[in-house]
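Read the structure below first, then the notes.
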Amino acid sequence: MGWEEMQVRGYPEFVRTAQSYHGRPIFALFCGDKDAEGRSWCPDCVTAEPVVRKELHNLPDKSVFIYCLVGDRAYWKDPNNEFRKNLKLTGVPTLLKYGTPQKLVEEECFKAELVRMLFTED
Amino acid sequence: SVQAHKEEDNPLNTMEANGLAPVPDSYDYDLIVIGGGSGGLAAAKEAAKYEKKVMVLDFVTPTPQGSSWGLGGTCVNVGCIPKKLMHQAALLGQALQDSRKFGWQFTEEVKHNWMTMTEAVQNYIGSLNWGYRVALRDTKVTYENAYGEFVGPHTIKATNKKGIEKLYTAARFIIATGERPRYLGIPGDKEYCISSDDLFSLPYCPGKTLVVGASYVALECAGFLAGLGLDVTVMVRSILLRGFDQDMANKIGEYMKEHGVKFIREFVPIKVEQVEEGTPGILKVTAKSTTGDQMIEGEYNTVLLAIGRDPCTRKIGLDKVGVNINEKTGKIPVNDEEQTNVPHIYAVGDILQGKLELTPVAIQAGRLLVRRLYAGETTKCDYVNVPTTVFTPLEYGACGYSEETAVEKFGEENIEVYHSNFWPLEWTVPSRDNNKCYAKIICNIQDNERVIGFHVLGPNAGEVTQGFAAAIKCGLTKEQLDSTIGIHPVCAEV
């Protein structure tokens, strides 16, 4: 209630979407691509996604939650991919509050308490 | 005794307030830590390891200029961390100048952008604040951004920034509230001057700056501001770096003077007025001589006060629980187990009387204290031979006695001082000073020429000093030092 979700794929689409919501709190979850059956190549992302989704109701009003598929495994492993270079992501899954140093990486995303803290703190 | 305890706490016991019958000797928490800085957080995280129920209260009262910051205390937010980063920014400026002599060619003039640096530093600090939040939550330490004060022997009142008050009880407490910069108490000081609490997040370049004070804070700030290209003057009431080896202090001052920092010695400001508003504006400072009637005036964009720090112990209800403080200084006397005169109340960090005000000391004291309380350990914090470094433009690292203190304690005839100038290899090509870097050791003749004082003035002094501190802790003697072969070509080999 009071927040919306956008689903994007790839770096340019992520940036366009984030910029279009400038001025509102933006939270983003970055995961590896999903195959035709909806399964990600990234096992930690598979674990994290339901934990994160369960906490979404804690998002502040007017927030935007961007669910971003970063690409296939080969793209992600490339140390020069745009997510690593420009957003300084070091792993997937990463859950962050855009424009702040607040983020949770990999196993940190499995912990509901930490996800809730990220969504509700200033 | 259970009865007496209940009676004392009755009006304020949280559980009773909630309508629950109080269980004797049962508190909300095993431990409440007041202050989420270096000492407080180290103690809290350590206690959580022993499965204790711990709460940390941290609250930053905004400065007169309105500055505030997140969890982590002075070191992380307005001390060591941003200071070292800005010192590094200044060193890089110098390195850029040196680089031309090493063959790097660039035609543009090199300029510094204050906002770029400050935003990057604040961003890093933000990630540290967040990291502490995650660490506390992960180790199940309860954290409240609220101002804690004692209202009963085992009860704390926590007031958050919206003014909402809550009460919490604990079996034991650790006071780790740290210090805040002192003001001069002259007209215009709080309205117009800034302190180190404001400097590292200042949203505009400070411009022409007057630094008042001769502490390491004053000299480090003056040093990096000048290194970034600003016009800097330091106003000193008497000596530089009181408490430090004065021989070294004077060398630091000389170096800074030769490298563009102006010093006004033996004057104190008596009023600060605003000439022009702005970010920065223009301030007029009137100062009086300490040795006569002479008065001087000067105009600056920014006046930075760095005349000392006062412990945050006067408004946390210590009188209500009978914890003694030194009325004059505000510091808390503790025994060698960091215990105050009230057995279940302890203290760590900068607020301790007679102990060094350093982050690693607070961390060590906090951790060992908790291990003694909950893990049956007996090790006490060793406050002797703690190494320190002052990050002035020419860095100064020290461990052990200053020359003056050694003479006072052992007698001039019983100590031997060995010293040497050195010229860092990296400084040769760019023709930087060949006679400013300096190292000296002070030895106790009566004890096998044991090294009791180590002082080095030069680049990377902190890195150099750390290893020697370990050696001194092991009882290093001059002979052992002489028989240690040097690494070449490094400054430390001297």
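Residue numbers start at 1 in each chain; chains themselves are named A, B, ... in the order of the structure tokens; ligands are numbered from 1 in the order shown.
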field: Exercise answer, chain B residues close to chain A, 6 Å and only C-alpha atoms, as a ChimeraX atom specification
entry: /B:126-127,130
Keeping only N, CA, C and O atoms, write the selected residues as a compact mmCIF listing (two decimals), in the first residue's frame.
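Okay, this is what ended up in result-v1.txt:
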```txt
# COMPACT_ATOMS: atom_id res chain seq x y z
N GLY B 126 28.71 7.13 5.58
CA GLY B 126 27.36 6.57 5.53
C GLY B 126 27.39 5.06 5.44
O GLY B 126 26.59 4.36 6.07
N SER B 127 28.33 4.52 4.68
CA SER B 127 28.40 3.07 4.55
C SER B 127 28.87 2.44 5.86
O SER B 127 28.46 1.34 6.21
N TRP B 130 25.85 2.47 8.23
CA TRP B 130 24.97 1.37 7.83
C TRP B 130 25.54 0.04 8.27
O TRP B 130 24.84 -0.83 8.78
```
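Taking only C-alpha atoms into account, Ala112 of chain A lies nearest to B:Arg137 out of the set B:Ser420, B:Glu327, B:Leu241, B:Arg137.
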message: Among segment 119-208 of chain B, which ones does DSSP assign to alpha helix (DSSP H) (computed from the backbone)? Answer as a PyMOL selection string.
response: chain B and resi 119-138+189-192+196-199
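Using only C-alpha atoms, the protein and nucleic acid residues lying no more than 10 Å from Tyr147 of chain B, apart from those fewer than 5 places from it along its own chain, are Ile34, Gly35, Leu57, Asp58, Phe59, Val60, Thr61, Ile156, Lys157, Ala158, Thr159, Asn160, Lys161, Gly163, Glu165 and Ile316 of chain B.
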- prompt: Which is closer to Arg16 of chain A than all the others in A:Asn58, A:Thr47, A:Val105, A:Ile66, using only C-alpha atoms?
  reply: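 Once distances to Arg16 of chain A are computed over only C-alpha atoms, the minimum belongs to A:Ile66.
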task: Compile the contact shell of segment 182-199 of chain B as a PyMOL selection string: residues with an atom at most 9 Å away, counting only C-alpha atoms, same-chain residues fewer than 6 positions apart removed.
output: chain B and resi 63-68+74+77-79+206+217-218+221+269-274+283+302-310
Residue subset to file, keeping N, CA and C atoms, as a short mmCIF file (atom, residue, chain, number, x, y, z; two decimals), in the first residue's frame:
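Resulting contents of selection-v9.cif:
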```
data_model
loop_
_atom_site.label_atom_id
_atom_site.label_comp_id
_atom_site.auth_asym_id
_atom_site.auth_seq_id
_atom_site.Cartn_x
_atom_site.Cartn_y
_atom_site.Cartn_z
N THR B 63 25.06 20.16 16.56
CA THR B 63 25.97 21.25 16.92
C THR B 63 25.21 22.58 16.82
N PRO B 64 25.80 23.67 17.35
CA PRO B 64 25.15 24.97 17.19
C PRO B 64 24.86 25.30 15.72
N GLN B 65 25.68 24.74 14.81
CA GLN B 65 25.43 25.01 13.40
C GLN B 65 24.43 24.04 12.80
N GLY B 66 24.01 23.05 13.59
CA GLY B 66 22.99 22.13 13.09
C GLY B 66 23.52 20.81 12.56
N SER B 67 24.82 20.58 12.68
CA SER B 67 25.36 19.33 12.14
C SER B 67 25.01 18.15 13.04
N SER B 68 24.77 17.02 12.41
CA SER B 68 24.52 15.79 13.16
C SER B 68 25.05 14.62 12.33
N THR B 74 32.38 9.45 17.45
CA THR B 74 33.25 10.51 16.94
C THR B 74 34.20 10.00 15.86
N ASN B 77 32.54 9.35 12.44
CA ASN B 77 31.77 10.43 11.82
C ASN B 77 32.48 11.77 11.74
N VAL B 78 33.15 12.15 12.83
CA VAL B 78 33.73 13.50 12.87
C VAL B 78 35.13 13.47 13.48
N GLY B 79 35.81 12.35 13.30
CA GLY B 79 37.14 12.22 13.89
C GLY B 79 38.08 11.54 12.94
N PRO B 206 35.45 25.96 3.10
CA PRO B 206 35.62 26.92 4.20
C PRO B 206 36.39 28.19 3.84
N VAL B 217 44.04 18.13 16.98
CA VAL B 217 42.89 18.39 16.10
C VAL B 217 43.13 19.68 15.33
N ALA B 218 43.56 20.71 16.05
CA ALA B 218 43.79 22.00 15.40
C ALA B 218 44.86 21.88 14.32
N CYS B 221 43.79 19.63 11.25
CA CYS B 221 42.83 20.32 10.38
C CYS B 221 43.51 21.45 9.63
N PRO B 269 41.27 34.70 21.00
CA PRO B 269 40.17 35.50 20.45
C PRO B 269 39.30 36.00 21.61
N ILE B 270 38.79 37.22 21.48
CA ILE B 270 37.86 37.69 22.50
C ILE B 270 36.49 37.99 21.93
N LYS B 271 36.39 38.15 20.62
CA LYS B 271 35.06 38.18 20.03
C LYS B 271 35.10 37.88 18.54
N VAL B 272 33.97 37.35 18.07
CA VAL B 272 33.82 37.03 16.65
C VAL B 272 32.57 37.74 16.16
N GLU B 273 32.71 38.52 15.10
CA GLU B 273 31.55 39.22 14.55
C GLU B 273 31.37 38.86 13.09
N GLN B 274 30.15 39.00 12.63
CA GLN B 274 29.89 38.69 11.24
C GLN B 274 29.94 39.97 10.43
N LEU B 283 33.97 36.74 8.54
CA LEU B 283 33.91 36.95 9.98
C LEU B 283 35.08 37.81 10.41
N THR B 302 36.09 31.49 7.60
CA THR B 302 35.66 30.47 8.55
C THR B 302 36.54 30.52 9.78
N VAL B 303 35.94 30.36 10.95
CA VAL B 303 36.72 30.23 12.18
C VAL B 303 36.44 28.85 12.75
N LEU B 304 37.48 28.05 12.87
CA LEU B 304 37.35 26.68 13.35
C LEU B 304 37.93 26.60 14.76
N LEU B 305 37.08 26.24 15.72
CA LEU B 305 37.55 26.14 17.10
C LEU B 305 38.00 24.72 17.38
N ALA B 306 39.24 24.60 17.90
CA ALA B 306 39.75 23.27 18.24
C ALA B 306 40.56 23.42 19.52
N ILE B 307 39.90 23.87 20.56
CA ILE B 307 40.60 24.20 21.80
C ILE B 307 40.46 23.12 22.87
N GLY B 308 39.81 22.03 22.53
CA GLY B 308 39.67 20.96 23.52
C GLY B 308 38.31 20.31 23.40
N ARG B 309 38.16 19.18 24.11
CA ARG B 309 36.89 18.47 24.07
C ARG B 309 36.45 18.17 25.49
N ASP B 310 35.14 18.26 25.71
CA ASP B 310 34.61 18.03 27.05
C ASP B 310 33.74 16.78 27.10
#
```
task: Just the strand (DSSP E) stuff from segment 168-226 of chain B, please, per backbone DSSP, written as a PyMOL selection string.
output: chain B and resi 168-175+179-181+194-195+209-212
Please dump the current selection as a compact mmCIF listing (two decimals), in the first residue's frame; keep all heavy atoms.
```txt
# COMPACT_ATOMS: atom_id res chain seq x y z
N TYR B 168 14.03 1.83 30.36
CA TYR B 168 14.60 0.49 30.23
C TYR B 168 15.40 0.18 31.47
O TYR B 168 16.03 1.06 32.05
CB TYR B 168 15.54 0.41 29.02
CG TYR B 168 14.88 0.73 27.70
CD1 TYR B 168 15.10 1.94 27.07
CD2 TYR B 168 14.02 -0.19 27.09
CE1 TYR B 168 14.50 2.24 25.85
CE2 TYR B 168 13.41 0.09 25.88
CZ TYR B 168 13.64 1.31 25.27
OH TYR B 168 13.04 1.61 24.07
N THR B 169 15.42 -1.10 31.86
CA THR B 169 16.23 -1.48 33.02
C THR B 169 17.29 -2.49 32.58
O THR B 169 17.12 -3.22 31.62
CB THR B 169 15.36 -2.15 34.12
OG1 THR B 169 14.76 -3.33 33.57
CG2 THR B 169 14.28 -1.20 34.60
N ALA B 170 18.40 -2.50 33.34
CA ALA B 170 19.46 -3.46 33.03
C ALA B 170 20.21 -3.81 34.29
O ALA B 170 20.22 -3.04 35.26
CB ALA B 170 20.43 -2.87 32.00
N ALA B 171 20.84 -4.97 34.26
CA ALA B 171 21.64 -5.38 35.40
C ALA B 171 22.89 -4.52 35.49
O ALA B 171 23.30 -4.11 36.57
CB ALA B 171 22.02 -6.86 35.26
N ARG B 172 23.49 -4.25 34.33
CA ARG B 172 24.74 -3.47 34.30
C ARG B 172 24.71 -2.43 33.20
O ARG B 172 23.97 -2.56 32.23
CB ARG B 172 25.92 -4.40 34.04
CG ARG B 172 26.21 -5.38 35.18
CD ARG B 172 27.44 -6.15 34.81
NE ARG B 172 27.94 -6.98 35.88
CZ ARG B 172 27.94 -8.31 35.85
NH1 ARG B 172 27.44 -8.93 34.81
NH2 ARG B 172 28.43 -8.98 36.86
N PHE B 173 25.55 -1.43 33.38
CA PHE B 173 25.62 -0.35 32.40
C PHE B 173 27.06 -0.04 32.05
O PHE B 173 27.94 -0.13 32.90
CB PHE B 173 24.99 0.92 32.98
CG PHE B 173 23.55 0.76 33.32
CD1 PHE B 173 23.18 0.27 34.56
CD2 PHE B 173 22.56 1.07 32.39
CE1 PHE B 173 21.84 0.09 34.87
CE2 PHE B 173 21.22 0.89 32.71
CZ PHE B 173 20.86 0.40 33.95
N ILE B 174 27.26 0.35 30.79
CA ILE B 174 28.57 0.89 30.40
C ILE B 174 28.32 2.29 29.84
O ILE B 174 27.53 2.46 28.90
CB ILE B 174 29.27 0.03 29.34
CG1 ILE B 174 29.56 -1.36 29.88
CG2 ILE B 174 30.58 0.70 28.90
CD1 ILE B 174 30.27 -2.28 28.87
N ILE B 175 28.98 3.27 30.45
CA ILE B 175 28.87 4.65 29.96
C ILE B 175 29.99 4.85 28.95
O ILE B 175 31.17 4.67 29.26
CB ILE B 175 29.03 5.65 31.11
CG1 ILE B 175 28.05 5.32 32.23
CG2 ILE B 175 28.78 7.08 30.60
CD1 ILE B 175 28.35 6.10 33.50
N GLU B 179 33.02 12.64 23.99
CA GLU B 179 33.19 14.08 24.22
C GLU B 179 32.68 14.88 23.04
O GLU B 179 32.40 14.34 21.99
CB GLU B 179 34.69 14.38 24.41
CG GLU B 179 35.34 13.64 25.56
CD GLU B 179 36.79 14.03 25.70
OE1 GLU B 179 37.55 13.91 24.73
OE2 GLU B 179 37.17 14.43 26.81
N ARG B 180 32.59 16.20 23.28
CA ARG B 180 32.23 17.12 22.18
C ARG B 180 33.15 18.33 22.27
O ARG B 180 33.65 18.67 23.35
CB ARG B 180 30.76 17.56 22.31
CG ARG B 180 29.75 16.45 22.17
CD ARG B 180 29.72 15.82 20.78
NE ARG B 180 29.22 16.70 19.75
CZ ARG B 180 27.95 16.82 19.40
NH1 ARG B 180 27.02 16.11 20.01
NH2 ARG B 180 27.61 17.62 18.42
N PRO B 181 33.33 19.02 21.15
CA PRO B 181 34.26 20.16 21.17
C PRO B 181 33.82 21.26 22.14
O PRO B 181 32.64 21.51 22.32
CB PRO B 181 34.20 20.69 19.73
CG PRO B 181 33.72 19.54 18.92
CD PRO B 181 32.81 18.76 19.81
N ILE B 194 32.77 27.32 13.69
CA ILE B 194 32.49 25.90 13.53
C ILE B 194 33.51 25.11 14.34
O ILE B 194 34.50 25.66 14.82
CB ILE B 194 32.52 25.44 12.05
CG1 ILE B 194 33.94 25.60 11.48
CG2 ILE B 194 31.49 26.17 11.23
CD1 ILE B 194 34.11 24.91 10.11
N SER B 195 33.25 23.82 14.50
CA SER B 195 34.21 22.94 15.15
C SER B 195 34.45 21.75 14.24
O SER B 195 33.87 21.67 13.16
CB SER B 195 33.65 22.46 16.50
OG SER B 195 32.61 21.51 16.25
N THR B 209 40.67 30.40 6.44
CA THR B 209 40.26 29.85 7.73
C THR B 209 41.21 30.23 8.87
O THR B 209 42.43 30.18 8.72
CB THR B 209 40.21 28.30 7.66
OG1 THR B 209 39.32 27.92 6.61
CG2 THR B 209 39.72 27.70 8.97
N LEU B 210 40.61 30.58 10.00
CA LEU B 210 41.38 30.75 11.23
C LEU B 210 41.10 29.54 12.10
O LEU B 210 39.94 29.26 12.41
CB LEU B 210 40.96 32.02 11.98
CG LEU B 210 41.63 32.20 13.35
CD1 LEU B 210 43.12 32.52 13.18
CD2 LEU B 210 40.96 33.29 14.17
N VAL B 211 42.15 28.81 12.47
CA VAL B 211 41.98 27.68 13.37
C VAL B 211 42.44 28.13 14.75
O VAL B 211 43.57 28.60 14.90
CB VAL B 211 42.83 26.47 12.91
CG1 VAL B 211 42.68 25.31 13.89
CG2 VAL B 211 42.44 26.04 11.50
N VAL B 212 41.55 28.03 15.72
CA VAL B 212 41.92 28.46 17.07
C VAL B 212 42.25 27.22 17.88
O VAL B 212 41.41 26.33 18.04
CB VAL B 212 40.76 29.22 17.74
CG1 VAL B 212 41.18 29.69 19.12
CG2 VAL B 212 40.33 30.40 16.88
```
message: If I take atom CA of Glu449 of chain B and atom CA of Val390 of chain B, how far is one from the other in Å, to one decimal?
response: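 About the pair atom CA of Glu449 of chain B and atom CA of Val390 of chain B: they are 26.6 Å apart.
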message: Report as a list in words all protein, DNA and RNA residues lying within 8 Å of Lys436 of chain B, evaluated on only C-alpha atoms, omitting residues in the same chain fewer than 2 positions from it.
response: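 Those residues are Lys251, Tyr255, Asn421, Phe422, Trp423, Asp433, Asn434, Tyr438, Leu457 and Gly458 of chain B.
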So that I have them on file, write out the residues from the current selection with all heavy atoms, as a compact mmCIF listing (two decimals), in the first residue's frame.
```txt
# COMPACT_ATOMS: atom_id res chain seq x y z
N LYS B 251 59.04 20.88 15.96
CA LYS B 251 59.43 20.54 14.58
C LYS B 251 58.20 20.51 13.67
O LYS B 251 58.24 20.93 12.52
CB LYS B 251 60.14 19.19 14.55
CG LYS B 251 61.55 19.23 15.13
CD LYS B 251 62.22 17.87 14.96
CE LYS B 251 63.43 17.70 15.84
NZ LYS B 251 64.55 18.58 15.46
N TYR B 255 57.64 22.95 10.43
CA TYR B 255 57.36 22.41 9.09
C TYR B 255 56.10 23.04 8.52
O TYR B 255 56.05 23.46 7.37
CB TYR B 255 57.20 20.89 9.17
CG TYR B 255 57.00 20.24 7.83
CD1 TYR B 255 58.09 19.84 7.05
CD2 TYR B 255 55.72 20.03 7.31
CE1 TYR B 255 57.91 19.26 5.81
CE2 TYR B 255 55.53 19.45 6.08
CZ TYR B 255 56.63 19.06 5.33
OH TYR B 255 56.45 18.48 4.10
N ASN B 421 68.31 12.64 11.68
CA ASN B 421 67.48 13.16 10.60
C ASN B 421 67.49 12.12 9.49
O ASN B 421 68.41 11.29 9.42
CB ASN B 421 68.07 14.48 10.06
CG ASN B 421 67.64 15.66 10.90
OD1 ASN B 421 68.40 16.13 11.74
ND2 ASN B 421 66.43 16.12 10.70
N PHE B 422 66.49 12.13 8.66
CA PHE B 422 66.58 11.27 7.47
C PHE B 422 65.86 11.94 6.31
O PHE B 422 65.02 12.82 6.49
CB PHE B 422 66.03 9.86 7.74
CG PHE B 422 64.58 9.81 8.18
CD1 PHE B 422 63.55 9.66 7.24
CD2 PHE B 422 64.25 9.87 9.53
CE1 PHE B 422 62.23 9.59 7.66
CE2 PHE B 422 62.93 9.80 9.95
CZ PHE B 422 61.91 9.65 9.02
N TRP B 423 66.24 11.51 5.13
CA TRP B 423 65.67 12.10 3.92
C TRP B 423 65.01 10.97 3.15
O TRP B 423 65.69 10.13 2.55
CB TRP B 423 66.81 12.71 3.09
CG TRP B 423 66.38 13.68 2.03
CD1 TRP B 423 65.22 14.38 1.95
CD2 TRP B 423 67.16 14.07 0.88
NE1 TRP B 423 65.21 15.19 0.85
CE2 TRP B 423 66.38 15.03 0.16
CE3 TRP B 423 68.42 13.74 0.39
CZ2 TRP B 423 66.83 15.64 -1.00
CZ3 TRP B 423 68.87 14.34 -0.78
CH2 TRP B 423 68.07 15.28 -1.47
N ASP B 433 62.22 18.86 1.25
CA ASP B 433 63.14 19.09 2.37
C ASP B 433 64.02 17.90 2.70
O ASP B 433 63.53 16.79 2.85
CB ASP B 433 62.33 19.42 3.64
CG ASP B 433 61.42 20.60 3.42
OD1 ASP B 433 61.93 21.63 2.96
OD2 ASP B 433 60.21 20.47 3.70
N ASN B 434 65.32 18.16 2.89
CA ASN B 434 66.21 17.05 3.18
C ASN B 434 66.59 16.97 4.65
O ASN B 434 67.40 16.15 5.04
CB ASN B 434 67.47 17.14 2.32
CG ASN B 434 68.27 18.41 2.64
OD1 ASN B 434 67.86 19.22 3.48
ND2 ASN B 434 69.40 18.57 1.99
N TYR B 438 62.72 13.11 10.94
CA TYR B 438 63.52 12.97 12.16
C TYR B 438 63.00 11.79 12.97
O TYR B 438 61.80 11.54 13.00
CB TYR B 438 63.35 14.27 12.94
CG TYR B 438 64.06 14.35 14.25
CD1 TYR B 438 65.44 14.54 14.31
CD2 TYR B 438 63.36 14.25 15.44
CE1 TYR B 438 66.09 14.63 15.53
CE2 TYR B 438 64.00 14.34 16.67
CZ TYR B 438 65.37 14.55 16.70
OH TYR B 438 66.01 14.64 17.91
N LEU B 457 59.14 11.42 12.90
CA LEU B 457 58.49 12.50 12.17
C LEU B 457 58.80 12.27 10.70
O LEU B 457 59.95 12.37 10.29
CB LEU B 457 59.09 13.82 12.65
CG LEU B 457 58.44 15.12 12.25
CD1 LEU B 457 57.04 15.19 12.81
CD2 LEU B 457 59.26 16.29 12.79
N GLY B 458 57.80 11.93 9.93
CA GLY B 458 58.06 11.65 8.53
C GLY B 458 56.84 11.04 7.88
O GLY B 458 55.81 10.84 8.54
```
